[in-house]
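**Student:** File target36.tsv follows (TSV, N, CA and C atoms):
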chain	number	residue	atom	x	y	z
A	277	MET	N	21.46	52.62	52.81
A	277	MET	CA	20.76	52.93	54.03
A	277	MET	C	19.39	53.50	53.68
A	278	LEU	N	18.39	53.05	54.36
A	278	LEU	CA	17.02	53.49	54.11
A	278	LEU	C	16.73	54.77	54.87
A	279	ALA	N	15.95	55.66	54.22
A	279	ALA	CA	15.56	56.92	54.87
A	279	ALA	C	14.39	56.64	55.79
A	280	PRO	N	14.38	57.26	56.97
A	280	PRO	CA	13.25	57.05	57.88
A	280	PRO	C	11.97	57.62	57.28
A	281	SER	N	10.87	56.94	57.49
A	281	SER	CA	9.60	57.38	56.91
A	281	SER	C	8.95	58.42	57.81
A	282	ASN	N	8.14	59.26	57.21
A	282	ASN	CA	7.45	60.32	57.94
A	282	ASN	C	6.02	59.92	58.27
A	283	THR	N	5.72	58.66	58.31
A	283	THR	CA	4.35	58.22	58.59
A	283	THR	C	3.95	58.55	60.01
A	284	THR	N	4.88	58.49	60.96
A	284	THR	CA	4.52	58.81	62.35
A	284	THR	C	4.18	60.28	62.48
A	285	ALA	N	4.91	61.16	61.82
A	285	ALA	CA	4.61	62.59	61.88
A	285	ALA	C	3.27	62.87	61.22
A	286	LEU	N	2.99	62.21	60.11
A	286	LEU	CA	1.72	62.41	59.41
A	286	LEU	C	0.55	61.91	60.25
A	287	GLU	N	0.73	60.74	60.89
A	287	GLU	CA	-0.33	60.21	61.74
A	287	GLU	C	-0.59	61.14	62.92
A	288	LEU	N	0.44	61.68	63.51
A	288	LEU	CA	0.30	62.61	64.64
A	288	LEU	C	-0.46	63.86	64.21
A	289	LEU	N	-0.13	64.40	63.05
A	289	LEU	CA	-0.81	65.60	62.55
A	289	LEU	C	-2.28	65.34	62.27
A	290	LEU	N	-2.56	64.21	61.62
A	290	LEU	CA	-3.95	63.88	61.32
A	290	LEU	C	-4.77	63.62	62.57
A	291	SER	N	-4.17	62.99	63.55
A	291	SER	CA	-4.92	62.72	64.79
A	291	SER	C	-5.22	64.02	65.53
A	292	LYS	N	-4.29	64.97	65.53
A	292	LYS	CA	-4.55	66.27	66.18
A	292	LYS	C	-5.66	67.02	65.47
A	293	LEU	N	-5.64	66.99	64.15
A	293	LEU	CA	-6.71	67.66	63.40
A	293	LEU	C	-8.06	67.03	63.66
A	294	LEU	N	-8.10	65.70	63.76
A	294	LEU	CA	-9.36	65.00	64.04
A	294	LEU	C	-9.87	65.34	65.43
A	295	GLN	N	-8.97	65.37	66.41
A	295	GLN	CA	-9.39	65.71	67.78
A	295	GLN	C	-9.91	67.14	67.85
A	296	GLY	N	-9.25	68.06	67.19
A	296	GLY	CA	-9.72	69.46	67.19
A	296	GLY	C	-11.09	69.58	66.55
A	297	TYR	N	-11.32	68.86	65.47
A	297	TYR	CA	-12.61	68.91	64.79
A	297	TYR	C	-13.71	68.32	65.68
A	298	LEU	N	-13.41	67.19	66.33
A	298	LEU	CA	-14.40	66.56	67.20
A	298	LEU	C	-14.72	67.44	68.40
A	299	GLU	N	-13.71	68.11	68.96
A	299	GLU	CA	-13.96	68.99	70.10
A	299	GLU	C	-14.85	70.16	69.72
A	300	ARG	N	-14.65	70.70	68.53
A	300	ARG	CA	-15.49	71.82	68.09
A	300	ARG	C	-16.92	71.36	67.84
A	301	GLY	N	-17.07	70.16	67.30
A	301	GLY	CA	-18.40	69.64	67.01
A	301	GLY	C	-19.16	69.25	68.26
A	302	ASN	N	-18.48	68.79	69.32
A	302	ASN	CA	-19.14	68.32	70.53
A	302	ASN	C	-19.30	69.40	71.58
A	303	SER	N	-18.76	70.55	71.36
A	303	SER	CA	-18.83	71.59	72.41
A	303	SER	C	-20.28	72.06	72.55
A	304	SER	N	-20.65	72.37	73.77
A	304	SER	CA	-22.01	72.82	74.04
A	304	SER	C	-22.11	74.34	73.97
A	305	ALA	N	-21.06	75.01	73.55
A	305	ALA	CA	-21.10	76.47	73.42
A	305	ALA	C	-22.00	76.83	72.24
A	306	PRO	N	-22.76	77.90	72.41
A	306	PRO	CA	-23.65	78.30	71.31
A	306	PRO	C	-22.84	78.77	70.11
A	307	ALA	N	-23.43	78.59	68.97
A	307	ALA	CA	-22.78	79.03	67.74
A	307	ALA	C	-22.69	80.55	67.73
A	308	PRO	N	-21.68	81.09	67.15
A	308	PRO	CA	-21.57	82.54	67.12
A	308	PRO	C	-22.75	83.16	66.37
A	309	VAL	N	-23.22	84.28	66.90
A	309	VAL	CA	-24.38	84.94	66.32
A	309	VAL	C	-23.95	85.67	65.06
A	310	ARG	N	-24.72	85.46	64.01
A	310	ARG	CA	-24.41	86.12	62.75
A	310	ARG	C	-24.93	87.55	62.80
A	311	ALA	N	-24.21	88.40	62.16
A	311	ALA	CA	-24.66	89.79	62.07
A	311	ALA	C	-25.77	89.88	61.04
A	312	VAL	N	-26.64	90.85	61.21
A	312	VAL	CA	-27.76	91.02	60.29
A	312	VAL	C	-27.23	91.43	58.91
A	313	GLY	N	-26.12	92.11	58.87
A	313	GLY	CA	-25.57	92.57	57.61
A	313	GLY	C	-25.14	91.44	56.70
A	314	SER	N	-24.78	90.29	57.25
A	314	SER	CA	-24.32	89.20	56.40
A	314	SER	C	-25.45	88.66	55.53
A	315	SER	N	-26.67	88.63	56.05
A	315	SER	CA	-27.78	88.16	55.22
A	315	SER	C	-28.09	89.18	54.12
A	316	LEU	N	-27.90	90.45	54.43
A	316	LEU	CA	-28.11	91.46	53.39
A	316	LEU	C	-27.01	91.39	52.32
A	317	GLU	N	-25.82	91.03	52.75
A	317	GLU	CA	-24.73	90.88	51.76
A	317	GLU	C	-25.05	89.74	50.80
A	318	ILE	N	-25.55	88.65	51.35
A	318	ILE	CA	-25.90	87.51	50.50
A	318	ILE	C	-27.03	87.90	49.55
A	319	LEU	N	-28.01	88.64	50.07
A	319	LEU	CA	-29.12	89.09	49.24
A	319	LEU	C	-28.62	90.01	48.12
A	320	TYR	N	-27.69	90.88	48.42
A	320	TYR	CA	-27.12	91.79	47.42
A	320	TYR	C	-26.39	91.00	46.33
A	321	VAL	N	-25.59	90.02	46.74
A	321	VAL	CA	-24.85	89.22	45.77
A	321	VAL	C	-25.83	88.45	44.87
A	322	LEU	N	-26.88	87.87	45.46
A	322	LEU	CA	-27.87	87.16	44.67
A	322	LEU	C	-28.61	88.09	43.72
A	323	LEU	N	-28.90	89.29	44.17
A	323	LEU	CA	-29.56	90.27	43.32
A	323	LEU	C	-28.66	90.64	42.13
A	324	MET	N	-27.39	90.86	42.38
A	324	MET	CA	-26.47	91.21	41.29
A	324	MET	C	-26.32	90.05	40.30
A	325	LEU	N	-26.23	88.84	40.81
A	325	LEU	CA	-26.15	87.67	39.93
A	325	LEU	C	-27.43	87.53	39.09
A	326	GLY	N	-28.56	87.78	39.71
A	326	GLY	CA	-29.83	87.71	38.99
A	326	GLY	C	-29.92	88.75	37.89
A	327	LEU	N	-29.51	89.98	38.19
A	327	LEU	CA	-29.53	91.02	37.16
A	327	LEU	C	-28.57	90.70	36.02
A	328	PHE	N	-27.40	90.22	36.36
A	328	PHE	CA	-26.44	89.84	35.33
A	328	PHE	C	-26.99	88.71	34.46
A	329	GLY	N	-27.59	87.72	35.10
A	329	GLY	CA	-28.18	86.61	34.35
A	329	GLY	C	-29.33	87.08	33.46
A	330	PHE	N	-30.17	87.97	33.98
A	330	PHE	CA	-31.29	88.50	33.20
A	330	PHE	C	-30.76	89.26	31.98
A	331	PHE	N	-29.75	90.08	32.17
A	331	PHE	CA	-29.15	90.84	31.07
A	331	PHE	C	-28.54	89.90	30.03
A	332	THR	N	-27.82	88.89	30.50
A	332	THR	CA	-27.17	87.95	29.58
A	332	THR	C	-28.20	87.16	28.77
A	333	VAL	N	-29.23	86.68	29.41
A	333	VAL	CA	-30.28	85.93	28.70
A	333	VAL	C	-30.98	86.84	27.70
A	334	GLY	N	-31.22	88.11	28.07
A	334	GLY	CA	-31.83	89.06	27.14
A	334	GLY	C	-31.00	89.27	25.90
A	335	VAL	N	-29.70	89.40	26.07
A	335	VAL	CA	-28.81	89.59	24.91
A	335	VAL	C	-28.83	88.33	24.03
A	336	LEU	N	-28.78	87.17	24.64
A	336	LEU	CA	-28.79	85.93	23.86
A	336	LEU	C	-30.10	85.76	23.08
A	337	VAL	N	-31.22	86.03	23.73
A	337	VAL	CA	-32.51	85.87	23.06
A	337	VAL	C	-32.64	86.88	21.92
A	338	THR	N	-32.20	88.12	22.15
A	338	THR	CA	-32.26	89.13	21.10
A	338	THR	C	-31.40	88.72	19.91
A	339	ASN	N	-30.24	88.18	20.18
A	339	ASN	CA	-29.36	87.74	19.10
A	339	ASN	C	-29.99	86.60	18.32
A	340	LEU	N	-30.61	85.67	19.00
A	340	LEU	CA	-31.24	84.54	18.31
A	340	LEU	C	-32.45	85.00	17.50
A	341	ARG	N	-33.22	85.94	18.03
A	341	ARG	CA	-34.40	86.41	17.30
A	341	ARG	C	-34.01	87.22	16.08
A	342	SER	N	-32.90	87.93	16.16
A	342	SER	CA	-32.50	88.75	15.02
A	342	SER	C	-32.01	87.90	13.86
A	343	ARG	N	-31.54	86.71	14.13
A	343	ARG	CA	-31.08	85.83	13.05
A	343	ARG	C	-32.24	85.24	12.28
A	344	GLY	N	-33.39	85.12	12.90
A	344	GLY	CA	-34.56	84.57	12.22
A	344	GLY	C	-34.50	83.06	12.19
A	345	PRO	N	-35.52	82.45	11.58
A	345	PRO	CA	-35.54	80.98	11.49
A	345	PRO	C	-34.38	80.48	10.64
A	346	ALA	N	-34.02	79.23	10.87
A	346	ALA	CA	-32.84	78.67	10.22
A	346	ALA	C	-33.03	78.54	8.71
A	347	GLY	N	-34.23	78.24	8.24
A	347	GLY	CA	-34.44	78.00	6.82
A	347	GLY	C	-34.91	79.23	6.05
A	348	ALA	N	-35.09	80.36	6.71
A	348	ALA	CA	-35.61	81.54	6.02
A	348	ALA	C	-34.55	82.14	5.11
A	349	PRO	N	-34.90	82.39	3.85
A	349	PRO	CA	-33.90	82.98	2.95
A	349	PRO	C	-33.70	84.46	3.27
A	350	ASP	N	-32.49	84.87	3.26
A	350	ASP	CA	-32.16	86.26	3.53
A	350	ASP	C	-32.10	87.01	2.20
A	351	PRO	N	-32.85	88.11	2.05
A	351	PRO	CA	-32.85	88.81	0.76
A	351	PRO	C	-31.46	89.31	0.37
A	352	PHE	N	-30.67	89.72	1.33
A	352	PHE	CA	-29.32	90.21	1.01
A	352	PHE	C	-28.46	89.10	0.45
A	353	ASP	N	-28.55	87.91	1.07
A	353	ASP	CA	-27.78	86.78	0.56
A	353	ASP	C	-28.25	86.39	-0.84
A	354	THR	N	-29.55	86.47	-1.08
A	354	THR	CA	-30.08	86.15	-2.39
A	354	THR	C	-29.56	87.15	-3.41
A	355	TYR	N	-29.50	88.42	-3.04
A	355	TYR	CA	-29.01	89.46	-3.94
A	355	TYR	C	-27.55	89.23	-4.29
A	356	ILE	N	-26.75	88.87	-3.28
A	356	ILE	CA	-25.33	88.64	-3.52
A	356	ILE	C	-25.12	87.37	-4.34
A	357	ALA	N	-25.92	86.36	-4.08
A	357	ALA	CA	-25.72	85.08	-4.75
A	357	ALA	C	-26.04	85.18	-6.24
A	358	SER	N	-27.04	85.97	-6.61
A	358	SER	CA	-27.39	86.06	-8.03
A	358	SER	C	-26.59	87.20	-8.67
A	359	ASP	N	-26.07	86.92	-9.84
A	359	ASP	CA	-25.28	87.91	-10.55
A	359	ASP	C	-26.17	88.78	-11.43
A	360	LEU	N	-27.48	88.51	-11.44
A	360	LEU	CA	-28.42	89.23	-12.28
A	360	LEU	C	-28.41	90.72	-11.95
A	361	TRP	N	-28.45	91.03	-10.68
A	361	TRP	CA	-28.51	92.44	-10.28
A	361	TRP	C	-27.22	93.17	-10.64
A	362	SER	N	-26.09	92.51	-10.49
A	362	SER	CA	-24.84	93.19	-10.84
A	362	SER	C	-24.75	93.43	-12.34
A	363	ARG	N	-25.30	92.54	-13.16
A	363	ARG	CA	-25.32	92.75	-14.60
A	363	ARG	C	-26.20	93.94	-14.95
A	364	LYS	N	-27.36	94.02	-14.30
A	364	LYS	CA	-28.26	95.14	-14.57
A	364	LYS	C	-27.60	96.46	-14.14
A	365	ASP	N	-26.93	96.45	-12.99
A	365	ASP	CA	-26.24	97.65	-12.53
A	365	ASP	C	-25.13	98.04	-13.50
A	366	ARG	N	-24.40	97.07	-14.00
A	366	ARG	CA	-23.31	97.35	-14.94
A	366	ARG	C	-23.87	97.94	-16.24
A	367	GLU	N	-24.98	97.38	-16.74
A	367	GLU	CA	-25.60	97.91	-17.95
A	367	GLU	C	-26.11	99.32	-17.74
A	368	LEU	N	-26.69	99.58	-16.59
A	368	LEU	CA	-27.18	100.92	-16.29
A	368	LEU	C	-26.03	101.92	-16.21
A	369	LEU	N	-24.94	101.53	-15.59
A	369	LEU	CA	-23.77	102.40	-15.50
A	369	LEU	C	-23.19	102.69	-16.88
A	370	GLN	N	-23.09	101.68	-17.72
A	370	GLN	CA	-22.57	101.90	-19.07
A	370	GLN	C	-23.48	102.82	-19.87
A	371	ALA	N	-24.79	102.68	-19.70
A	371	ALA	CA	-25.72	103.55	-20.41
A	371	ALA	C	-25.57	104.99	-19.93
A	372	LYS	N	-25.37	105.21	-18.65
A	372	LYS	CA	-25.20	106.56	-18.13
A	372	LYS	C	-23.89	107.17	-18.62
A	373	VAL	N	-22.83	106.37	-18.69
A	373	VAL	CA	-21.55	106.88	-19.17
A	373	VAL	C	-21.67	107.28	-20.64
A	374	LEU	N	-22.31	106.45	-21.47
A	374	LEU	CA	-22.50	106.78	-22.88
A	374	LEU	C	-23.33	108.04	-23.05
A	375	GLU	N	-24.37	108.18	-22.24
A	375	GLU	CA	-25.22	109.36	-22.30
A	375	GLU	C	-24.43	110.61	-21.91
A	376	SER	N	-23.57	110.50	-20.90
A	376	SER	CA	-22.78	111.66	-20.50
A	376	SER	C	-21.76	112.02	-21.58
A	377	TYR	N	-21.23	111.03	-22.31
A	377	TYR	CA	-20.32	111.32	-23.41
A	377	TYR	C	-21.05	112.05	-24.53
A	378	LYS	N	-22.30	111.66	-24.80
A	378	LYS	CA	-23.07	112.32	-25.85
A	378	LYS	C	-23.38	113.76	-25.48
A	379	LEU	N	-23.62	114.01	-24.20
A	379	LEU	CA	-23.95	115.37	-23.76
A	379	LEU	C	-22.72	116.25	-23.65
A	380	CYS	N	-21.56	115.65	-23.56
A	380	CYS	CA	-20.34	116.39	-23.38
A	380	CYS	C	-19.90	116.98	-24.72
A	381	CYS	N	-19.61	118.27	-24.75
A	381	CYS	CA	-19.13	118.90	-25.96
A	381	CYS	C	-18.14	120.00	-25.60
A	382	VAL	N	-17.25	120.31	-26.54
A	382	VAL	CA	-16.25	121.34	-26.33
A	382	VAL	C	-16.57	122.49	-27.28
A	383	LEU	N	-16.70	123.65	-26.71
A	383	LEU	CA	-16.98	124.84	-27.52
A	383	LEU	C	-15.67	125.54	-27.80
A	384	GLU	N	-15.49	125.95	-29.06
A	384	GLU	CA	-14.25	126.61	-29.44
A	384	GLU	C	-14.59	127.97	-30.05
A	385	ASN	N	-13.89	128.97	-29.62
A	385	ASN	CA	-14.07	130.31	-30.18
A	385	ASN	C	-12.94	130.51	-31.19
A	386	ARG	N	-13.29	130.41	-32.45
A	386	ARG	CA	-12.27	130.51	-33.50
A	386	ARG	C	-11.84	131.96	-33.73
A	387	LEU	N	-12.61	132.87	-33.23
A	387	LEU	CA	-12.27	134.27	-33.42
A	387	LEU	C	-11.26	134.76	-32.39
A	388	ALA	N	-10.97	133.96	-31.40
A	388	ALA	CA	-10.01	134.35	-30.37
A	388	ALA	C	-8.77	133.49	-30.50
A	389	PRO	N	-7.81	133.91	-31.33
A	389	PRO	CA	-6.60	133.11	-31.50
A	389	PRO	C	-5.71	133.20	-30.27
A	390	GLU	N	-4.89	132.20	-30.16
A	390	GLU	CA	-3.98	132.19	-29.00
A	390	GLU	C	-2.87	133.20	-29.22
A	391	ARG	N	-2.57	133.96	-28.15
A	391	ARG	CA	-1.46	134.89	-28.19
A	391	ARG	C	-0.69	134.73	-26.89
A	392	PRO	N	0.23	133.78	-26.82
A	392	PRO	CA	0.93	133.56	-25.57
A	392	PRO	C	1.85	134.71	-25.17
A	393	ALA	N	2.27	135.51	-26.11
A	393	ALA	CA	3.18	136.61	-25.78
A	393	ALA	C	2.43	137.82	-25.23
A	394	ALA	N	1.17	137.90	-25.49
A	394	ALA	CA	0.41	139.07	-25.03
A	394	ALA	C	0.15	138.97	-23.55
A	395	GLN	N	0.20	140.12	-22.90
A	395	GLN	CA	-0.05	140.15	-21.47
A	395	GLN	C	-1.51	140.54	-21.22
A	396	ILE	N	-2.01	140.02	-20.14
A	396	ILE	CA	-3.38	140.35	-19.76
A	396	ILE	C	-3.33	141.67	-19.01
A	397	PRO	N	-4.11	142.65	-19.41
A	397	PRO	CA	-4.07	143.93	-18.71
A	397	PRO	C	-4.61	143.79	-17.29
A	398	GLU	N	-3.99	144.45	-16.38
A	398	GLU	CA	-4.42	144.42	-14.96
A	398	GLU	C	-5.00	145.77	-14.59
A	399	GLU	N	-5.90	145.73	-13.66
A	399	GLU	CA	-6.54	146.95	-13.18
A	399	GLU	C	-5.59	147.64	-12.21
A	400	LYS	N	-5.39	148.96	-12.41
A	400	LYS	CA	-4.51	149.70	-11.53
A	400	LYS	C	-5.30	150.17	-10.32
A	401	ARG	N	-4.69	150.01	-9.19
A	401	ARG	CA	-5.36	150.43	-7.95
A	401	ARG	C	-4.83	151.80	-7.57
A	402	SER	N	-5.72	152.66	-7.17
A	402	SER	CA	-5.29	153.99	-6.78
A	402	SER	C	-5.45	154.28	-5.31
Once more with this new file: its structure as structure tokens, please.
**Tutor:**
Amino acid sequence: MLAPSNTTALELLLSKLLQGYLERGNSSAPAPVRAVGSSLEILYVLLMLGLFGFFTVGVLVTNLRSRGPAGAPDPFDTYIASDLWSRKDRELLQAKVLESYKLCCVLENRLAPERPAAQIPEEKRS
């Protein structure tokens, strides 16, 4: 058994919507008066969008300018890429360590023998 189609209900609905639309378009009644505040609301929204756009473009331009031209060599990248500076730093560090070893000395008082059993005298408080 075939199910009845809903084309008649759909046609009825569409025809009612079309008639309602045509009646609103053909009516001689004046259009509702807009409040003055609605134009100010639109102006406010446009102003906020403009400020947001101005801020966003400013951030993008600043970011692009800070990167510099595409082919410009960056001194930091050049420093990292060459191992020359790290070798010089390593040699300088080794020289400083050797110099500190040469300056380092231990003084020994041979006249003061160790006496672990002796007690250190303490000052008596009165």
**Student:** Work out how far atom C of Cys380 (chain A) is from atom C of Glu367 (chain A), in Å to one decimal.
**Tutor:** 20.0 Å
**Student:** Quick one, how far is atom C of Leu298 (chain A) from atom C of Thr284 (chain A)?
**Tutor:**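 Between atom C of Leu298 (chain A) and atom C of Thr284 (chain A) the gap works out to 21.1 Å.
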**Student:** What is the distance between atom C of Leu319 (chain A) and CA of Asn339 (chain A), in Å to one decimal?
**Tutor:** 29.1 Å
